[in-house]
Amino acid sequence: MKRFGPGESVAAILLALAALSPFVLPSQAWIGFAVNAVLISVLAIAWNVTGGFCGQMSFGHAALYGTGAYAAAMLQIRLGLNPYLAAASGVAAGAAMGGLIGALAFRYGLRGSYFALVTLAFAEVLRILASSFEITGAGSGLTLPFKPGLADLQFPDRYAAYLFVLALCIAALAVSAAVKGSRLGSNMIAVRENEEAAGAIGIDAFRVKVIAMTISGAIAGAAGVAYLQIQLFVDAPIAYGSLISVEALLGPIIGGAGTLLGPIIGTIVLHIVGEVVKNGVGGAPGLNLVFYGIVLLLILRFLPNGLMGLAGRLRRPAPAAAAARTAEAR
Amino acid sequence: MLGLVVPAILSGLTTGAVYALVALGLTLIYGVLHIINFAHGSLLMAALYVALVLNMRLGLDPYVALPIVVAVFFCAGYLLQRFVVDTFSHGRDANILLVTLALSIIIDNGALYLFTSNTRTVDVPYAFDMIEVGPAFIPLPKVVAFVAALVIAGLLWLVMRHTRLGAAIRAVAIEKRGAELMGIDVKHTYAMCFGIGTACVAAAACLLLPTFYVTPQVGYAFVLVAFTTVVLGGMGSLGGALVAGLLLGVVEALCGLFLGETLGQIGIFAAFILTLLFRPAGLFAPKVA
């Protein structure tokens, strides 16, 4: 693992403070906001494994998130499976869906825009299927019976739910750090930078990309399961909707794709912007998302490496940073 | 059985013509700029609202409004490419995709804020007029949309083949640097393409409005069908987009007939995924080794 520079350290300290804030500022609105922001951060970390480390931008991470949520819900409701086993199966289902989509897409050599489109199409097909069949609850979705208590992996209040998503987020971050620091992570970065060159030095690019999608699927599936266990409800527009796919990629792009903390920072900044706008104009629908779009545009225009790119500049001496920028421009 | 299938095919062809028109704009932008314009569906939705507002406030018939909306959206498309897409993406492919995604988020949710999520329709006197075509009755506005879409596709073909602009567009699509050396203004040509592509969706919007509804989400459904059409027809191929659009309209109508309304769209996405996997260059492209 690389040593953290000052920029990353500042970011990490800010994040730790933000994680503790719901206990310092106890209010129902704030804790609800925090649960949602941390949950989406987990999804953003998942996206970052394929989109950031491996350079394969997915526009359909809802396919993985929704599969995790639906698998866990169906196993509990239809088969009466223990919630913990169902949750583990949800994670496995997300991983399997990731591996399947990856294997199909990469087997036929899809990259760039084509990969983005095929992931989008998979999410859309799953959304239509989930809203059409009885086993997935069709149009009305699936509701878990309310049985608060740890035995059923349900939470008596929002603080318990917050602790759960926070633990999940830290676990996801640990997985993501372990992947990035490993040989596999280096191979992913090699594939991102130049797939032909990576192949020439003996990296099996297809295998690396499919593994990236599988790991990403497991983390995204876990986020879906967490959503289910907190809300006790899942339906097709929520689980497989395009909003989830978009939120999965906004955080990493804004925070800095391929960095460890970027996805979390990006997601939290976006959610804060959204919340400020909501409070400013009094809950008009849509306006917070308009600002999501504007933030994305501004980041692409002025900070193409995201907020962590800004943090990185604090560390590097000016000439090195300038050299890095010219290298990137090429 | 045949009594149901033939009307379904005819109805599918009329829907397909509008799909083709939306896809023509998208494929033109892809073929020349090599970018996937995620905002395409959102621009369609925006054009539907412009035509709707013109109808409600000024009482303009959607067909009368067509030239106005097309002109406005041509200018909007030109300016968007020149001053937003190009500038904000620094010309990097992955970023262009994200810039158009950001534009679609802004336009979709801006419409949600301005117009709320209520479904709206226009009242036109001819909405329920029927025309007898062989064994089927087709609503008059659908026949108009079908004919107009084919006419516009023909016009586009004439522009591409027989004008200096068309020649410039084709030159830039094949060899950007070479075209630049020949004195073609590449940025202007890109923006003209984006403008023409956007004008196509504006025309499609005016043709759709009499028989369709408007919500802020309507663009999303269309953009996915348009992507499918473009990929199926071969990215950048105008003729391919036209044939693929008509084909998809029929596929959707037949799937709807046999599988039910909600599952009807599955046929389109199944076609999309299968094409991306097995023939990513499109159905009609010569196989390249």
# chains A, B, ... in the order shown; residues from 1 in each chain; ligands from 1
>>> residues_around(residues="Val69 (chain B)", least_positions_apart="4", cutoff="9 Å", atoms="only C-alpha atoms", output="PyMOL selection string")
chain B and resi 47+50-51+65+73-74+199+202-203+205-206
>>> residues_around(residues="Ile96 (chain B)", least_positions_apart="2", cutoff="10 Å", atoms="only C-alpha atoms", output="list in words")
Leu300 of chain A; His34, Ile35, Ile36, Asn37, Phe38, Val84, Val85, Asp86, Thr87, Phe88, Ser89, His90, Gly91, Arg92, Asp93, Ala94, Leu98, Val99, Thr100, Leu101 and Ala102 of chain B
>>> write_last_selection(atoms="C-alpha atoms", output="CSV table (one decimal), in the first residue's frame")
chain,number,residue,atom,x,y,z
A,300,LEU,CA,-15.3,17.9,-15.9
B,34,HIS,CA,-17.7,9.6,-32.7
B,35,ILE,CA,-19.6,10.4,-29.5
B,36,ILE,CA,-22.7,8.9,-28.0
B,37,ASN,CA,-25.0,11.7,-27.2
B,38,PHE,CA,-26.8,10.8,-24.0
B,84,VAL,CA,-20.7,23.2,-23.9
B,85,VAL,CA,-19.8,19.7,-25.1
B,86,ASP,CA,-16.5,20.6,-26.8
B,87,THR,CA,-15.3,23.1,-24.1
B,88,PHE,CA,-16.3,21.1,-21.0
B,89,SER,CA,-15.0,17.8,-22.2
B,90,HIS,CA,-11.5,19.0,-23.3
B,91,GLY,CA,-12.1,16.9,-26.3
B,92,ARG,CA,-11.6,13.6,-24.4
B,93,ASP,CA,-13.9,10.8,-25.5
B,94,ALA,CA,-14.8,9.4,-22.1
B,98,LEU,CA,-20.1,12.3,-19.3
B,99,VAL,CA,-20.8,15.9,-20.4
B,100,THR,CA,-23.8,14.7,-22.5
B,101,LEU,CA,-24.9,12.6,-19.5
B,102,ALA,CA,-24.7,15.8,-17.3
>>> residues_around(residues="region 223-234 of chain B", least_positions_apart="2", cutoff="8 Å", atoms="only C-alpha atoms", output="MDAnalysis selection string")
(chainID A and resid 117 121) or (chainID B and resid 19:20 22:24 26:27 38 40:42 219:221 236:245 248 268:269 271:272 275:276 280:285)
>>> write_last_selection(atoms="N, CA and C atoms", output="short mmCIF file (atom, residue, chain, number, x, y, z; two decimals), in the first residue's frame")
data_model
loop_
_atom_site.label_atom_id
_atom_site.label_comp_id
_atom_site.auth_asym_id
_atom_site.auth_seq_id
_atom_site.Cartn_x
_atom_site.Cartn_y
_atom_site.Cartn_z
N LEU A 117 -23.08 1.24 -23.04
CA LEU A 117 -24.43 0.99 -23.56
C LEU A 117 -24.93 -0.40 -23.18
N ALA A 121 -28.24 -1.42 -21.06
CA ALA A 121 -29.30 -2.27 -21.59
C ALA A 121 -29.60 -3.42 -20.63
N TYR B 19 -38.99 6.32 -34.60
CA TYR B 19 -37.74 5.83 -34.02
C TYR B 19 -36.59 6.12 -34.98
N ALA B 20 -36.84 5.87 -36.26
CA ALA B 20 -35.79 6.06 -37.26
C ALA B 20 -35.36 7.52 -37.30
N VAL B 22 -35.56 9.80 -34.90
CA VAL B 22 -34.76 10.12 -33.70
C VAL B 22 -33.36 9.54 -33.86
N ALA B 23 -33.31 8.29 -34.38
CA ALA B 23 -32.03 7.62 -34.51
C ALA B 23 -31.15 8.25 -35.58
N LEU B 24 -31.77 8.83 -36.63
CA LEU B 24 -30.98 9.47 -37.68
C LEU B 24 -30.12 10.59 -37.09
N LEU B 26 -29.11 10.83 -34.02
CA LEU B 26 -28.09 10.25 -33.13
C LEU B 26 -26.96 9.64 -33.94
N THR B 27 -27.31 8.96 -35.02
CA THR B 27 -26.30 8.27 -35.81
C THR B 27 -25.43 9.26 -36.57
N PHE B 38 -25.79 11.21 -24.96
CA PHE B 38 -26.80 10.78 -23.98
C PHE B 38 -27.93 11.78 -23.84
N HIS B 40 -29.55 13.12 -26.15
CA HIS B 40 -30.44 13.10 -27.32
C HIS B 40 -31.91 12.95 -26.92
N GLY B 41 -32.19 11.99 -26.03
CA GLY B 41 -33.56 11.78 -25.58
C GLY B 41 -34.10 12.97 -24.81
N SER B 42 -33.23 13.60 -24.03
CA SER B 42 -33.65 14.76 -23.25
C SER B 42 -34.01 15.92 -24.18
N GLY B 219 -38.04 11.13 -22.52
CA GLY B 219 -36.82 11.05 -23.33
C GLY B 219 -36.02 9.80 -23.09
N TYR B 220 -36.02 9.35 -21.83
CA TYR B 220 -35.21 8.20 -21.47
C TYR B 220 -35.62 6.95 -22.25
N ALA B 221 -36.94 6.74 -22.34
CA ALA B 221 -37.43 5.58 -23.08
C ALA B 221 -36.97 5.66 -24.53
N GLY B 236 -23.38 5.28 -37.28
CA GLY B 236 -22.98 6.26 -38.26
C GLY B 236 -23.63 6.06 -39.63
N SER B 237 -24.37 4.96 -39.81
CA SER B 237 -24.99 4.71 -41.11
C SER B 237 -26.42 5.24 -41.13
N LEU B 238 -26.68 6.21 -42.05
CA LEU B 238 -28.02 6.81 -42.11
C LEU B 238 -29.05 5.81 -42.63
N GLY B 239 -28.70 5.13 -43.73
CA GLY B 239 -29.62 4.15 -44.29
C GLY B 239 -29.91 3.03 -43.30
N GLY B 240 -28.85 2.60 -42.61
CA GLY B 240 -28.99 1.54 -41.61
C GLY B 240 -29.95 1.95 -40.51
N ALA B 241 -29.84 3.21 -40.05
CA ALA B 241 -30.71 3.69 -38.98
C ALA B 241 -32.16 3.67 -39.42
N LEU B 242 -32.39 4.04 -40.69
CA LEU B 242 -33.76 4.09 -41.20
C LEU B 242 -34.37 2.69 -41.19
N VAL B 243 -33.65 1.73 -41.77
CA VAL B 243 -34.16 0.36 -41.84
C VAL B 243 -34.32 -0.21 -40.43
N ALA B 244 -33.29 0.00 -39.57
CA ALA B 244 -33.34 -0.56 -38.22
C ALA B 244 -34.49 0.04 -37.42
N GLY B 245 -34.76 1.34 -37.60
CA GLY B 245 -35.86 1.98 -36.89
C GLY B 245 -37.18 1.33 -37.24
N LEU B 248 -37.35 -2.15 -35.76
CA LEU B 248 -37.59 -2.19 -34.32
C LEU B 248 -39.03 -1.85 -33.98
N ILE B 268 -36.94 -5.19 -27.88
CA ILE B 268 -35.98 -4.18 -28.32
C ILE B 268 -34.64 -4.35 -27.61
N PHE B 269 -34.69 -4.53 -26.29
CA PHE B 269 -33.43 -4.62 -25.55
C PHE B 269 -32.71 -5.93 -25.83
N ALA B 271 -32.79 -7.41 -28.67
CA ALA B 271 -32.15 -7.16 -29.96
C ALA B 271 -30.88 -6.34 -29.76
N PHE B 272 -30.96 -5.38 -28.85
CA PHE B 272 -29.84 -4.48 -28.57
C PHE B 272 -28.63 -5.27 -28.05
N THR B 275 -27.20 -7.68 -30.62
CA THR B 275 -26.43 -7.01 -31.66
C THR B 275 -25.08 -6.55 -31.13
N LEU B 276 -25.09 -5.96 -29.91
CA LEU B 276 -23.83 -5.48 -29.35
C LEU B 276 -22.84 -6.64 -29.20
N PRO B 280 -21.40 -6.02 -33.34
CA PRO B 280 -21.31 -4.64 -32.86
C PRO B 280 -21.20 -3.62 -33.99
N ALA B 281 -20.82 -4.06 -35.20
CA ALA B 281 -20.75 -3.10 -36.31
C ALA B 281 -22.11 -2.92 -36.98
N GLY B 282 -23.13 -3.65 -36.49
CA GLY B 282 -24.46 -3.48 -37.06
C GLY B 282 -24.82 -4.60 -38.01
N LEU B 283 -26.12 -4.70 -38.29
CA LEU B 283 -26.61 -5.80 -39.11
C LEU B 283 -26.13 -5.70 -40.55
N PHE B 284 -26.04 -4.46 -41.06
CA PHE B 284 -25.82 -4.29 -42.49
C PHE B 284 -24.37 -3.99 -42.83
N ALA B 285 -23.52 -3.90 -41.79
CA ALA B 285 -22.13 -3.55 -42.06
C ALA B 285 -21.43 -4.75 -42.66
#
>>> interface_residues(of="chain B", to="chain A", cutoff="6 Å", atoms="only C-alpha atoms", output="MDAnalysis selection string")
chainID B and resid 88 102 105:106 109 112:113 277
>>> residues_around(residues="Cys193 (chain B)", least_positions_apart="4", cutoff="12 Å", atoms="only C-alpha atoms", output="VMD selection string")
chain B and resid 24 to 35 37 74 to 82 156 159 to 160 165 to 166 168 to 170 172 to 173 186 to 189 197 to 200 236
